[in-house]
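Structure below is query-v6.csv: CSV, C-alpha atoms.
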```
chain,number,residue,atom,x,y,z
Q,1,MET,CA,70.8,-23.6,-70.9
Q,2,VAL,CA,71.1,-22.0,-67.6
Q,3,GLU,CA,69.0,-19.1,-68.7
Q,4,ASP,CA,66.2,-21.5,-69.8
Q,5,LEU,CA,66.2,-23.1,-66.4
Q,6,VAL,CA,66.0,-19.8,-64.7
Q,7,VAL,CA,63.2,-18.7,-66.9
Q,8,ALA,CA,61.3,-22.0,-66.3
Q,9,ALA,CA,61.8,-21.7,-62.5
Q,10,ALA,CA,60.6,-18.2,-62.5
Q,11,THR,CA,57.6,-19.2,-64.6
Q,12,ALA,CA,56.8,-22.0,-62.3
Q,13,ALA,CA,57.1,-19.8,-59.2
Q,14,SER,CA,54.8,-17.3,-60.8
Q,15,LEU,CA,52.3,-19.9,-61.6
Q,16,GLY,CA,52.5,-21.3,-58.1
Q,17,ALA,CA,52.0,-17.9,-56.6
Q,18,VAL,CA,49.0,-17.3,-58.8
Q,19,TYR,CA,47.6,-20.7,-57.8
Q,20,VAL,CA,48.1,-20.2,-54.2
Q,21,THR,CA,46.5,-16.8,-54.4
Q,22,ALA,CA,43.5,-18.2,-56.2
Q,23,ALA,CA,43.2,-21.3,-54.0
Q,24,ALA,CA,43.9,-19.8,-50.6
Q,25,ARG,CA,40.9,-18.9,-48.3
Q,26,VAL,CA,40.8,-17.6,-44.8
Q,27,VAL,CA,38.1,-18.8,-42.4
Q,28,LYS,CA,37.6,-16.6,-39.3
Q,29,GLN,CA,37.3,-17.9,-35.7
Q,30,TYR,CA,33.5,-17.5,-35.5
Q,31,GLU,CA,32.9,-19.1,-38.9
Q,32,ARG,CA,33.0,-22.6,-40.4
Q,33,GLY,CA,33.7,-23.4,-44.0
Q,34,LEU,CA,31.8,-25.8,-46.4
Q,35,VAL,CA,33.5,-26.8,-49.6
Q,36,PHE,CA,31.4,-27.8,-52.6
Q,37,ARG,CA,33.4,-29.6,-55.3
Q,38,LEU,CA,31.6,-29.6,-58.6
Q,39,GLY,CA,28.4,-29.0,-56.6
Q,40,ARG,CA,29.0,-31.9,-54.2
Q,41,LEU,CA,29.5,-31.1,-50.5
Q,42,ARG,CA,32.7,-32.4,-49.1
Q,43,GLN,CA,32.1,-34.2,-45.8
Q,44,LYS,CA,34.7,-32.4,-43.8
Q,45,VAL,CA,33.8,-29.0,-42.4
Q,46,ARG,CA,36.7,-26.7,-42.6
Q,47,GLU,CA,37.9,-25.2,-39.3
Q,48,PRO,CA,39.0,-21.6,-38.8
Q,49,GLY,CA,42.4,-20.7,-40.5
Q,50,LEU,CA,44.0,-20.8,-43.9
Q,51,ILE,CA,42.5,-23.4,-46.3
Q,52,LEU,CA,43.3,-24.2,-50.0
Q,53,ILE,CA,40.7,-25.2,-52.6
Q,54,VAL,CA,40.9,-26.1,-56.2
Q,55,PRO,CA,40.2,-22.9,-58.1
Q,56,GLY,CA,37.4,-23.3,-60.6
Q,57,VAL,CA,36.4,-26.6,-59.2
Q,58,ASP,CA,35.7,-26.0,-55.5
Q,59,ARG,CA,33.5,-23.3,-54.0
Q,60,LEU,CA,33.7,-22.3,-50.4
Q,61,ARG,CA,30.7,-21.3,-48.4
Q,62,LYS,CA,31.2,-19.7,-45.0
Q,63,VAL,CA,28.7,-20.0,-42.2
Q,64,ASN,CA,28.5,-17.6,-39.2
Q,65,MET,CA,28.3,-19.5,-35.9
Q,66,GLN,CA,27.5,-16.5,-33.7
Q,67,ILE,CA,24.2,-15.9,-31.9
Q,68,VAL,CA,22.0,-13.9,-34.2
Q,69,THR,CA,19.5,-11.3,-32.9
Q,70,LEU,CA,16.5,-11.3,-35.1
Q,71,PRO,CA,13.7,-8.8,-34.4
Q,72,ILE,CA,10.1,-9.9,-35.1
Q,73,PRO,CA,7.9,-7.2,-36.6
Q,74,ALA,CA,4.8,-6.3,-34.6
Q,75,GLN,CA,2.0,-8.7,-35.2
Q,76,GLU,CA,-1.7,-7.7,-34.7
Q,77,GLY,CA,-4.1,-10.3,-33.4
Q,78,ILE,CA,-7.1,-10.9,-31.3
Q,79,THR,CA,-6.7,-12.5,-27.9
Q,80,ARG,CA,-8.9,-15.3,-26.5
Q,81,ASP,CA,-11.0,-12.7,-24.6
Q,82,ASN,CA,-11.6,-10.7,-27.8
Q,83,VAL,CA,-9.1,-7.8,-27.4
Q,84,THR,CA,-7.2,-6.5,-30.4
Q,85,VAL,CA,-3.5,-6.1,-29.6
Q,86,ARG,CA,-0.2,-5.6,-31.4
Q,87,VAL,CA,2.8,-7.6,-30.1
Q,88,ASP,CA,6.4,-7.5,-31.2
Q,89,ALA,CA,9.3,-9.8,-30.0
Q,90,VAL,CA,12.9,-10.7,-30.6
Q,91,VAL,CA,14.5,-14.1,-31.3
Q,92,TYR,CA,18.0,-15.1,-30.3
Q,93,PHE,CA,19.3,-18.2,-32.3
Q,94,LYS,CA,22.6,-19.7,-33.6
Q,95,VAL,CA,23.7,-22.3,-36.1
Q,96,VAL,CA,24.9,-25.6,-34.6
Q,97,ASP,CA,25.2,-27.6,-37.9
Q,98,PRO,CA,26.5,-25.6,-40.8
Q,99,ALA,CA,25.8,-28.4,-43.4
Q,100,ASP,CA,22.1,-28.6,-42.5
Q,101,ALA,CA,21.8,-24.8,-42.3
Q,102,ILE,CA,23.1,-24.5,-45.9
Q,103,ILE,CA,21.6,-27.7,-47.5
Q,104,ARG,CA,18.2,-28.2,-45.8
Q,105,VAL,CA,16.9,-24.7,-46.0
Q,106,GLU,CA,17.5,-22.0,-48.6
Q,107,ASP,CA,17.8,-19.1,-46.2
Q,108,TYR,CA,17.8,-20.0,-42.6
Q,109,ARG,CA,17.5,-16.4,-41.4
Q,110,PHE,CA,14.4,-15.8,-43.4
Q,111,ALA,CA,12.9,-19.2,-42.4
Q,112,VAL,CA,13.4,-18.4,-38.7
Q,113,SER,CA,11.9,-15.0,-39.1
Q,114,GLN,CA,8.7,-16.3,-40.8
Q,115,MET,CA,8.4,-19.1,-38.3
Q,116,ALA,CA,8.7,-16.6,-35.4
Q,117,GLN,CA,6.0,-14.4,-36.8
Q,118,THR,CA,3.6,-17.3,-37.3
Q,119,SER,CA,4.2,-18.6,-33.8
Q,120,LEU,CA,3.7,-15.1,-32.3
Q,121,ARG,CA,0.3,-14.7,-34.0
Q,122,SER,CA,-0.6,-18.2,-32.7
Q,123,ILE,CA,0.4,-17.4,-29.2
Q,124,ILE,CA,-1.7,-14.2,-29.3
Q,125,GLY,CA,-4.8,-16.1,-30.3
Q,126,LYS,CA,-4.3,-18.7,-27.6
Q,127,SER,CA,-3.6,-16.3,-24.7
Q,128,GLU,CA,-5.7,-13.8,-22.8
Q,129,LEU,CA,-4.9,-10.2,-22.3
Q,130,ASP,CA,-3.9,-10.6,-18.6
Q,131,ASP,CA,-1.4,-13.3,-19.7
Q,132,LEU,CA,0.2,-11.1,-22.3
Q,133,LEU,CA,0.6,-8.3,-19.7
Q,134,SER,CA,1.6,-10.2,-16.6
Q,135,ASN,CA,2.6,-13.7,-17.5
Q,136,ARG,CA,5.2,-13.1,-20.2
Q,137,GLU,CA,7.7,-15.6,-19.0
Q,138,LYS,CA,5.4,-18.5,-19.7
Q,139,LEU,CA,4.5,-17.1,-23.1
Q,140,ASN,CA,8.2,-16.7,-24.0
Q,141,GLN,CA,8.8,-20.4,-23.2
Q,142,GLY,CA,5.9,-21.5,-25.3
Q,143,LEU,CA,7.0,-19.3,-28.2
Q,144,GLU,CA,10.5,-20.7,-27.9
Q,145,LEU,CA,9.2,-24.3,-28.1
Q,146,MET,CA,7.0,-23.5,-31.2
Q,147,ILE,CA,10.0,-22.0,-33.1
Q,148,ASP,CA,12.6,-24.5,-32.0
Q,149,SER,CA,10.7,-27.6,-33.1
Q,150,PRO,CA,11.1,-27.0,-36.9
Q,151,ALA,CA,14.4,-25.1,-36.5
Q,152,VAL,CA,16.2,-28.2,-35.3
Q,153,GLU,CA,16.0,-29.8,-38.7
Q,154,TRP,CA,17.6,-26.7,-40.2
Q,155,GLY,CA,20.7,-27.0,-38.0
Q,156,VAL,CA,19.6,-24.0,-36.0
Q,157,THR,CA,18.8,-23.8,-32.2
Q,158,ILE,CA,16.7,-21.1,-30.6
Q,159,ASP,CA,18.5,-19.6,-27.6
Q,160,ARG,CA,15.6,-17.6,-26.3
Q,161,VAL,CA,12.6,-15.5,-27.3
Q,162,GLU,CA,11.4,-12.3,-25.6
Q,163,ILE,CA,8.1,-10.4,-26.1
Q,164,LYS,CA,9.1,-6.8,-26.3
Q,165,ASP,CA,6.0,-4.7,-26.2
Q,166,VAL,CA,2.2,-5.1,-26.2
Q,167,SER,CA,0.2,-2.2,-27.7
Q,168,LEU,CA,-3.4,-1.8,-26.6
Q,169,PRO,CA,-6.2,0.4,-28.0
Q,170,GLU,CA,-6.9,3.6,-26.2
Q,171,THR,CA,-10.3,2.5,-25.1
Q,172,MET,CA,-8.8,-0.6,-23.5
Q,173,LYS,CA,-6.2,1.6,-21.7
Q,174,ARG,CA,-8.9,3.8,-20.2
Q,175,SER,CA,-10.9,0.8,-19.1
Q,176,MET,CA,-7.9,-0.7,-17.4
Q,177,ALA,CA,-7.2,2.6,-15.7
Q,178,ARG,CA,-10.8,2.8,-14.3
Q,179,GLN,CA,-10.5,-0.8,-13.2
Q,180,ALA,CA,-7.3,-0.1,-11.3
Q,181,GLU,CA,-8.8,3.0,-9.7
Q,182,ALA,CA,-11.9,1.0,-8.6
Q,183,ASP,CA,-9.6,-1.7,-7.1
Q,184,ARG,CA,-7.6,0.9,-5.2
Q,185,GLU,CA,-10.8,2.4,-3.9
Q,186,ARG,CA,-12.1,-0.9,-2.8
Q,187,ARG,CA,-9.0,-1.8,-0.9
Q,188,ALA,CA,-9.0,1.7,0.8
Q,189,ARG,CA,-12.6,1.1,1.9
Q,190,VAL,CA,-11.8,-2.3,3.3
Q,191,ILE,CA,-8.8,-0.9,5.2
Q,192,ASN,CA,-11.0,1.9,6.6
Q,193,ALA,CA,-13.7,-0.6,7.7
Q,194,ASP,CA,-11.1,-2.8,9.3
Q,195,ALA,CA,-9.7,0.2,11.2
Q,196,GLU,CA,-13.2,1.2,12.4
Q,197,LEU,CA,-13.8,-2.4,13.6
Q,198,GLN,CA,-10.6,-2.5,15.6
Q,199,ALA,CA,-11.3,1.0,17.0
Q,200,SER,CA,-14.8,-0.1,18.1
Q,201,LYS,CA,-13.4,-3.1,19.9
Q,202,LYS,CA,-10.9,-1.0,21.8
Q,203,LEU,CA,-13.6,1.6,22.7
Q,204,ALA,CA,-15.8,-1.2,24.0
Q,205,GLU,CA,-12.9,-2.5,26.2
Q,206,ALA,CA,-12.3,1.1,27.4
Q,207,ALA,CA,-16.0,1.5,28.2
Q,208,GLY,CA,-16.0,-1.7,30.2
Q,209,VAL,CA,-13.0,-0.5,32.3
Q,210,MET,CA,-14.6,2.9,32.9
Q,211,SER,CA,-17.9,1.3,34.0
Q,212,GLN,CA,-16.0,-0.6,36.7
Q,213,GLN,CA,-14.1,2.6,37.8
Q,214,PRO,CA,-16.4,5.7,37.5
Q,215,ALA,CA,-13.5,8.0,38.4
Q,216,ALA,CA,-11.8,7.0,35.1
Q,217,LEU,CA,-14.6,8.7,33.2
Q,218,GLN,CA,-14.1,11.9,35.1
Q,219,LEU,CA,-10.3,11.7,34.5
Q,220,ARG,CA,-10.9,11.2,30.8
Q,221,LEU,CA,-13.2,14.2,30.8
Q,222,LEU,CA,-10.5,16.3,32.5
Q,223,GLN,CA,-8.0,15.2,29.9
Q,224,THR,CA,-10.3,16.2,27.1
Q,225,VAL,CA,-10.8,19.6,28.7
Q,226,VAL,CA,-7.0,20.1,29.0
Q,227,ALA,CA,-6.6,19.1,25.3
Q,228,VAL,CA,-9.3,21.6,24.2
Q,229,ALA,CA,-8.0,24.4,26.5
Q,230,ALA,CA,-4.5,24.0,25.1
Q,231,GLU,CA,-5.6,25.6,21.8
Q,232,LYS,CA,-6.9,28.8,23.5
Q,233,ASN,CA,-9.2,29.5,20.6
Q,234,SER,CA,-12.6,28.3,22.0
Q,235,THR,CA,-14.9,28.9,25.0
Q,236,LEU,CA,-15.4,25.9,27.2
Q,237,VAL,CA,-18.6,25.5,29.2
Q,238,LEU,CA,-18.7,22.9,32.0
Q,239,PRO,CA,-22.0,21.9,33.8
Q,240,PHE,CA,-21.9,22.7,37.6
Q,241,PRO,CA,-24.5,20.7,39.6
Q,242,VAL,CA,-26.8,22.7,41.9
Q,243,GLU,CA,-26.7,20.0,44.5
Q,244,LEU,CA,-23.0,20.8,45.1
Q,245,LEU,CA,-23.9,24.4,45.7
Q,246,ARG,CA,-26.6,23.5,48.2
Q,247,PHE,CA,-24.1,21.2,49.9
Q,248,LEU,CA,-21.6,24.0,50.3
Q,249,GLU,CA,-24.3,26.3,51.6
Q,250,ARG,CA,-25.3,23.9,54.3
Q,251,ALA,CA,-21.6,23.4,55.2
Q,252,GLN,CA,-21.3,27.2,55.6
Q,253,GLN,CA,-24.3,27.3,57.8
Q,254,GLN,CA,-23.1,24.5,60.0
Q,255,TYR,CA,-19.4,25.6,60.2
Q,256,PRO,CA,-19.3,29.4,60.3
Q,257,GLN,CA,-16.0,31.2,60.3
Q,258,GLU,CA,-16.6,33.2,63.4
Q,259,GLN,CA,-17.8,31.1,66.4
Q,260,PRO,CA,-20.3,33.1,68.5
Q,261,SER,CA,-20.5,32.9,72.3
Q,262,ARG,CA,-21.8,29.7,73.7
Q,263,PRO,CA,-25.5,29.9,73.9
Q,264,ASP,CA,-27.7,28.4,76.6
Q,265,ARG,CA,-29.4,25.1,76.3
Q,266,SER,CA,-32.7,26.5,75.2
Q,267,ASP,CA,-31.2,28.5,72.3
Q,268,ARG,CA,-29.0,25.7,71.2
Q,269,SER,CA,-31.9,23.2,71.1
Q,270,ASP,CA,-34.1,25.7,69.2
Q,271,ARG,CA,-31.3,26.2,66.5
Q,272,SER,CA,-30.7,22.5,66.2
Q,273,ASP,CA,-34.4,21.9,65.6
Q,274,ARG,CA,-34.6,24.6,62.9
Q,275,SER,CA,-31.4,23.3,61.2
Q,276,ASP,CA,-32.8,19.8,61.2
Q,277,ARG,CA,-36.1,21.0,59.6
Q,278,ALA,CA,-34.1,22.9,57.0
Q,279,ASP,CA,-32.0,19.9,56.2
Q,280,GLN,CA,-35.1,17.7,55.9
Q,281,SER,CA,-36.8,20.2,53.6
Q,282,ASP,CA,-33.7,20.4,51.2
Q,283,GLN,CA,-32.9,16.7,51.1
Q,284,PRO,CA,-35.0,14.2,49.1
Q,285,GLU,CA,-37.1,11.6,50.8
Q,286,GLY,CA,-35.3,8.5,51.9
Q,287,SER,CA,-31.8,10.2,52.0
Q,288,GLU,CA,-29.7,10.8,55.0
Q,289,GLY,CA,-27.7,13.9,56.0
Q,290,PRO,CA,-24.4,14.4,54.2
Q,291,GLN,CA,-21.3,13.3,55.9
Q,292,LEU,CA,-18.7,16.1,56.1
Q,293,PRO,CA,-15.1,14.7,56.3
Q,294,LEU,CA,-13.6,18.1,55.5
Q,295,ALA,CA,-12.1,20.5,57.9
Q,296,PRO,CA,-14.0,23.6,58.9
Q,297,GLU,CA,-11.5,25.9,57.1
Q,298,GLN,CA,-12.0,24.0,53.8
Q,299,LEU,CA,-15.7,24.0,54.2
Q,300,ALA,CA,-15.6,27.8,54.7
Q,301,GLN,CA,-13.7,28.3,51.5
Q,302,LEU,CA,-16.2,26.1,49.6
Q,303,ALA,CA,-19.0,28.1,51.1
Q,304,ARG,CA,-17.5,31.3,49.9
Q,305,LEU,CA,-17.3,29.8,46.4
Q,306,ALA,CA,-20.9,28.8,46.7
Q,307,GLN,CA,-22.0,32.3,47.7
Q,308,LEU,CA,-20.1,33.7,44.6
Q,309,THR,CA,-21.7,31.3,42.1
Q,310,ALA,CA,-25.2,30.7,43.6
Q,311,PRO,CA,-28.0,33.3,43.2
Q,312,ALA,CA,-28.9,35.3,46.2
Q,313,GLU,CA,-32.0,34.0,48.0
Q,314,PRO,CA,-34.5,36.5,49.4
Q,315,GLU,CA,-34.3,36.8,53.1
Q,316,LEU,CA,-37.2,35.5,55.1
Q,317,GLU,CA,-39.0,38.0,57.2
Q,318,ARG,CA,-39.7,36.9,60.6
Q,319,GLU,CA,-43.2,37.5,61.8
Q,320,ARG,CA,-43.4,39.4,65.0
Q,321,GLU,CA,-45.9,38.2,67.6
Q,322,PRO,CA,-48.4,40.8,68.6
Q,323,GLU,CA,-47.9,42.1,72.1
Q,324,PRO,CA,-50.7,41.4,74.5
Q,325,GLU,CA,-52.8,44.5,75.3
Q,326,ALA,CA,-52.5,45.9,78.7
Q,327,GLN,CA,-55.5,44.9,80.8
Q,328,ASP,CA,-57.3,47.4,82.8
Q,329,GLN,CA,-56.5,46.8,86.4
Q,330,PRO,CA,-59.2,47.5,88.9
Q,331,HIS,CA,-58.7,50.4,91.1
Q,332,THR,CA,-58.5,49.5,94.7
```
Would you mind giving the structure from this file in structure tokens?
Amino acid sequence: MVEDLVVAAATAASLGAVYVTAAARVVKQYERGLVFRLGRLRQKVREPGLILIVPGVDRLRKVNMQIVTLPIPAQEGITRDNVTVRVDAVVYFKVVDPADAIIRVEDYRFAVSQMAQTSLRSIIGKSELDDLLSNREKLNQGLELMIDSPAVEWGVTIDRVEIKDVSLPETMKRSMARQAEADRERRARVINADAELQASKKLAEAAGVMSQQPAALQLRLLQTVVAVAAEKNSTLVLPFPVELLRFLERAQQQYPQEQPSRPDRSDRSDRSDRSDRADQSDQPEGSEGPQLPLAPEQLAQLARLAQLTAPAEPELEREREPEPEAQDQPHT
């Protein structure tokens, strides 16, 4: 009797262990469980952990609740400005309602993939090439809305959509490169023209200042000469006015270095008359004699410089007056 009880207890324990083994299921933290009993969905969604089902009657379906990264194959299309491009993208989505994701659509992954490809081709046809290259954020938002609208009924929400790459034909790449070069050259010319305009305004202002102060032009000329002479690889030729040489020569004649003895009044008046005539012959009509504010020593040095630089003038030969012939005196 006791042995029969022991055998029955062991048999029951074995059957219980087999049942628990067959009925026990483990749902992970990032999953949710759906139980179908005889093909009918139980309303309660099983949370993560250990759950028991009726073996042979219930069937457990696990749904992943993580964000899924789904790449979209490259789609070829024609933009609104008639340019053939190839665009690929990536979709990030997740399941928010496990029951709808299993019941309303056969394979929600495949459905989202096909919807993303169709929406991407539609976006390519509605956009221009410049939008695909520079305004991708707006296109991403539009693509996300196009995919998310039907995916809501499938228990899926679209987290974000990103356009990865836009492939252009080689001819279009060369055209864009030429356009970029032309734009760069245009901006360079505009900058150079602006610089020339500003420089011309500054030069006009400088010319106005120099016209009020003529000495500024001479100072600027001397600065230019100094800048050129600093290189020491060129010969500099400066014009030297002849009037300055004549002025120095007259100064030498008027202030000689060695003062002769004081002549009498007749010689002094004769020399003054001849110097006045010489000055009047050298000076132009309507001009007065030069004012000499310099010291005699300075004028002497300037005169020596004039003698070194000025060509030698032929000396004037004085004409001698013929002597009167001796008259025959009468003999007394």
Exercise for review: May I ask for the distance between atom CA of Asp97 of chain Q and atom CA of Val57 of chain Q, given in Å to one decimal place?
Suggested key: 24.1 Å
Check your understanding: Residues at most 6 Å from Arg86 of chain Q, counting all atoms listed in the file, excluding those fewer than 2 positions away in the same chain, as a ChimeraX atom specification?
Key -> /Q:74-76,166-167
Practice item. Figure out the distance between atom CA of Ile53 of chain Q and atom CA of Val27 of chain Q, please, to one decimal in Å. Key: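 Atom CA of Val27 of chain Q sits 12.3 Å away from atom CA of Ile53 of chain Q.
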Exercise for review: Using all atoms listed in the file, collect all residues at a distance of at most 7 Å from (31.4, -27.4, -50.2) as written in the file, then present them as a ChimeraX atom specification.
Suggested key: /Q:34-37,40-42,58-61
Saved selection, atoms kept: C-alpha atoms, as a PDB file, in the frame of the given file:
```pdb
ATOM      1  CA  LEU Q  34      31.800 -25.800 -46.400  1.00  0.00           C
ATOM      2  CA  VAL Q  35      33.500 -26.800 -49.600  1.00  0.00           C
ATOM      3  CA  PHE Q  36      31.400 -27.800 -52.600  1.00  0.00           C
ATOM      4  CA  ARG Q  37      33.400 -29.600 -55.300  1.00  0.00           C
ATOM      5  CA  ARG Q  40      29.000 -31.900 -54.200  1.00  0.00           C
ATOM      6  CA  LEU Q  41      29.500 -31.100 -50.500  1.00  0.00           C
ATOM      7  CA  ARG Q  42      32.700 -32.400 -49.100  1.00  0.00           C
ATOM      8  CA  ASP Q  58      35.700 -26.000 -55.500  1.00  0.00           C
ATOM      9  CA  ARG Q  59      33.500 -23.300 -54.000  1.00  0.00           C
ATOM     10  CA  LEU Q  60      33.700 -22.300 -50.400  1.00  0.00           C
ATOM     11  CA  ARG Q  61      30.700 -21.300 -48.400  1.00  0.00           C
TER      12      ARG Q  61
END
```
Check your understanding: Which distance in Å separates atom CA of Gln117 of chain Q and atom CA of Arg174 of chain Q, to one decimal?
Key ->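 So the answer is 28.8 Å.
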Practice item. Point out the residue among Q:Arg121, Q:Arg186, Q:Arg178, Q:Lys138 with the least atom-to-atom distance to Glu162 of chain Q, counting only C-alpha atoms. Key: Q:Lys138
Practice item. With a distance cut-off of 12 Å and only C-alpha atoms, select the neighbouring residues of Thr118 of chain Q, excluding the residue or stretch itself and same-chain residues fewer than 3 positions from it, and output the selection as a PyMOL selection string. Key: chain Q and resi 72-77+88-89+111-115+121-125+143+146-147
Include C-alpha atoms and write out the residues we just selected as a JSON list (two decimals), in the coordinates of the input.
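So again-v8.json came out as:
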```json
[["chain", "number", "residue", "atom", "x", "y", "z"],
["Q", 72, "ILE", "CA", 10.10, -9.90, -35.10],
["Q", 73, "PRO", "CA", 7.90, -7.20, -36.60],
["Q", 74, "ALA", "CA", 4.80, -6.30, -34.60],
["Q", 75, "GLN", "CA", 2.00, -8.70, -35.20],
["Q", 76, "GLU", "CA", -1.70, -7.70, -34.70],
["Q", 77, "GLY", "CA", -4.10, -10.30, -33.40],
["Q", 88, "ASP", "CA", 6.40, -7.50, -31.20],
["Q", 89, "ALA", "CA", 9.30, -9.80, -30.00],
["Q", 111, "ALA", "CA", 12.90, -19.20, -42.40],
["Q", 112, "VAL", "CA", 13.40, -18.40, -38.70],
["Q", 113, "SER", "CA", 11.90, -15.00, -39.10],
["Q", 114, "GLN", "CA", 8.70, -16.30, -40.80],
["Q", 115, "MET", "CA", 8.40, -19.10, -38.30],
["Q", 121, "ARG", "CA", 0.30, -14.70, -34.00],
["Q", 122, "SER", "CA", -0.60, -18.20, -32.70],
["Q", 123, "ILE", "CA", 0.40, -17.40, -29.20],
["Q", 124, "ILE", "CA", -1.70, -14.20, -29.30],
["Q", 125, "GLY", "CA", -4.80, -16.10, -30.30],
["Q", 143, "LEU", "CA", 7.00, -19.30, -28.20],
["Q", 146, "MET", "CA", 7.00, -23.50, -31.20],
["Q", 147, "ILE", "CA", 10.00, -22.00, -33.10]]
```
Review point. With only C-alpha atoms as the atoms that count, which of Q:Ala10, Q:Ala227, Q:Val54, Q:Val63 lies nearest to Ile103 of chain Q?
Key: Q:Val63
For segment 115-121 of chain Q, supply all heavy atoms and format the output as a PDB file, in the frame of the given file.
```pdb
ATOM      1  N   MET Q 115       8.878 -18.199 -39.300  1.00  0.00           N
ATOM      2  CA  MET Q 115       8.400 -19.100 -38.300  1.00  0.00           C
ATOM      3  C   MET Q 115       8.068 -18.359 -36.978  1.00  0.00           C
ATOM      4  O   MET Q 115       7.070 -18.635 -36.302  1.00  0.00           O
ATOM      5  CB  MET Q 115       9.358 -20.235 -38.045  1.00  0.00           C
ATOM      6  CG  MET Q 115       8.920 -21.243 -36.981  1.00  0.00           C
ATOM      7  SD  MET Q 115       7.337 -22.017 -37.350  1.00  0.00           S
ATOM      8  CE  MET Q 115       7.793 -22.939 -38.822  1.00  0.00           C
ATOM      9  N   ALA Q 116       8.906 -17.397 -36.623  1.00  0.00           N
ATOM     10  CA  ALA Q 116       8.700 -16.600 -35.400  1.00  0.00           C
ATOM     11  C   ALA Q 116       7.422 -15.766 -35.510  1.00  0.00           C
ATOM     12  O   ALA Q 116       6.641 -15.667 -34.548  1.00  0.00           O
ATOM     13  CB  ALA Q 116       9.896 -15.751 -35.122  1.00  0.00           C
ATOM     14  N   GLN Q 117       7.178 -15.162 -36.664  1.00  0.00           N
ATOM     15  CA  GLN Q 117       6.000 -14.400 -36.800  1.00  0.00           C
ATOM     16  C   GLN Q 117       4.718 -15.206 -36.746  1.00  0.00           C
ATOM     17  O   GLN Q 117       3.729 -14.825 -36.101  1.00  0.00           O
ATOM     18  CB  GLN Q 117       6.031 -13.635 -38.184  1.00  0.00           C
ATOM     19  CG  GLN Q 117       7.146 -12.614 -38.296  1.00  0.00           C
ATOM     20  CD  GLN Q 117       7.180 -11.927 -39.645  1.00  0.00           C
ATOM     21  OE1 GLN Q 117       6.157 -11.792 -40.316  1.00  0.00           O
ATOM     22  NE2 GLN Q 117       8.360 -11.499 -40.058  1.00  0.00           N
ATOM     23  N   THR Q 118       4.753 -16.371 -37.405  1.00  0.00           N
ATOM     24  CA  THR Q 118       3.600 -17.300 -37.300  1.00  0.00           C
ATOM     25  C   THR Q 118       3.333 -17.746 -35.921  1.00  0.00           C
ATOM     26  O   THR Q 118       2.183 -17.776 -35.450  1.00  0.00           O
ATOM     27  CB  THR Q 118       3.811 -18.462 -38.280  1.00  0.00           C
ATOM     28  OG1 THR Q 118       4.114 -18.009 -39.597  1.00  0.00           O
ATOM     29  CG2 THR Q 118       2.580 -19.333 -38.331  1.00  0.00           C
ATOM     30  N   SER Q 119       4.381 -18.117 -35.217  1.00  0.00           N
ATOM     31  CA  SER Q 119       4.200 -18.600 -33.800  1.00  0.00           C
ATOM     32  C   SER Q 119       3.715 -17.486 -32.930  1.00  0.00           C
ATOM     33  O   SER Q 119       2.903 -17.742 -32.022  1.00  0.00           O
ATOM     34  CB  SER Q 119       5.548 -19.145 -33.322  1.00  0.00           C
ATOM     35  OG  SER Q 119       6.019 -20.197 -34.135  1.00  0.00           O
ATOM     36  N   LEU Q 120       4.170 -16.265 -33.176  1.00  0.00           N
ATOM     37  CA  LEU Q 120       3.700 -15.100 -32.300  1.00  0.00           C
ATOM     38  C   LEU Q 120       2.234 -14.887 -32.524  1.00  0.00           C
ATOM     39  O   LEU Q 120       1.507 -14.656 -31.544  1.00  0.00           O
ATOM     40  CB  LEU Q 120       4.541 -13.899 -32.672  1.00  0.00           C
ATOM     41  CG  LEU Q 120       4.237 -12.642 -31.850  1.00  0.00           C
ATOM     42  CD1 LEU Q 120       4.448 -12.910 -30.367  1.00  0.00           C
ATOM     43  CD2 LEU Q 120       5.118 -11.489 -32.317  1.00  0.00           C
ATOM     44  N   ARG Q 121       1.742 -14.927 -33.750  1.00  0.00           N
ATOM     45  CA  ARG Q 121       0.300 -14.700 -34.000  1.00  0.00           C
ATOM     46  C   ARG Q 121      -0.496 -15.877 -33.331  1.00  0.00           C
ATOM     47  O   ARG Q 121      -1.591 -15.668 -32.799  1.00  0.00           O
ATOM     48  CB  ARG Q 121       0.025 -14.675 -35.463  1.00  0.00           C
ATOM     49  CG  ARG Q 121       0.420 -13.357 -36.105  1.00  0.00           C
ATOM     50  CD  ARG Q 121      -0.178 -13.215 -37.481  1.00  0.00           C
ATOM     51  NE  ARG Q 121       0.379 -14.202 -38.401  1.00  0.00           N
ATOM     52  CZ  ARG Q 121       1.437 -13.991 -39.178  1.00  0.00           C
ATOM     53  NH1 ARG Q 121       2.057 -12.821 -39.141  1.00  0.00           N
ATOM     54  NH2 ARG Q 121       1.878 -14.941 -39.979  1.00  0.00           N
TER      55      ARG Q 121
END
```
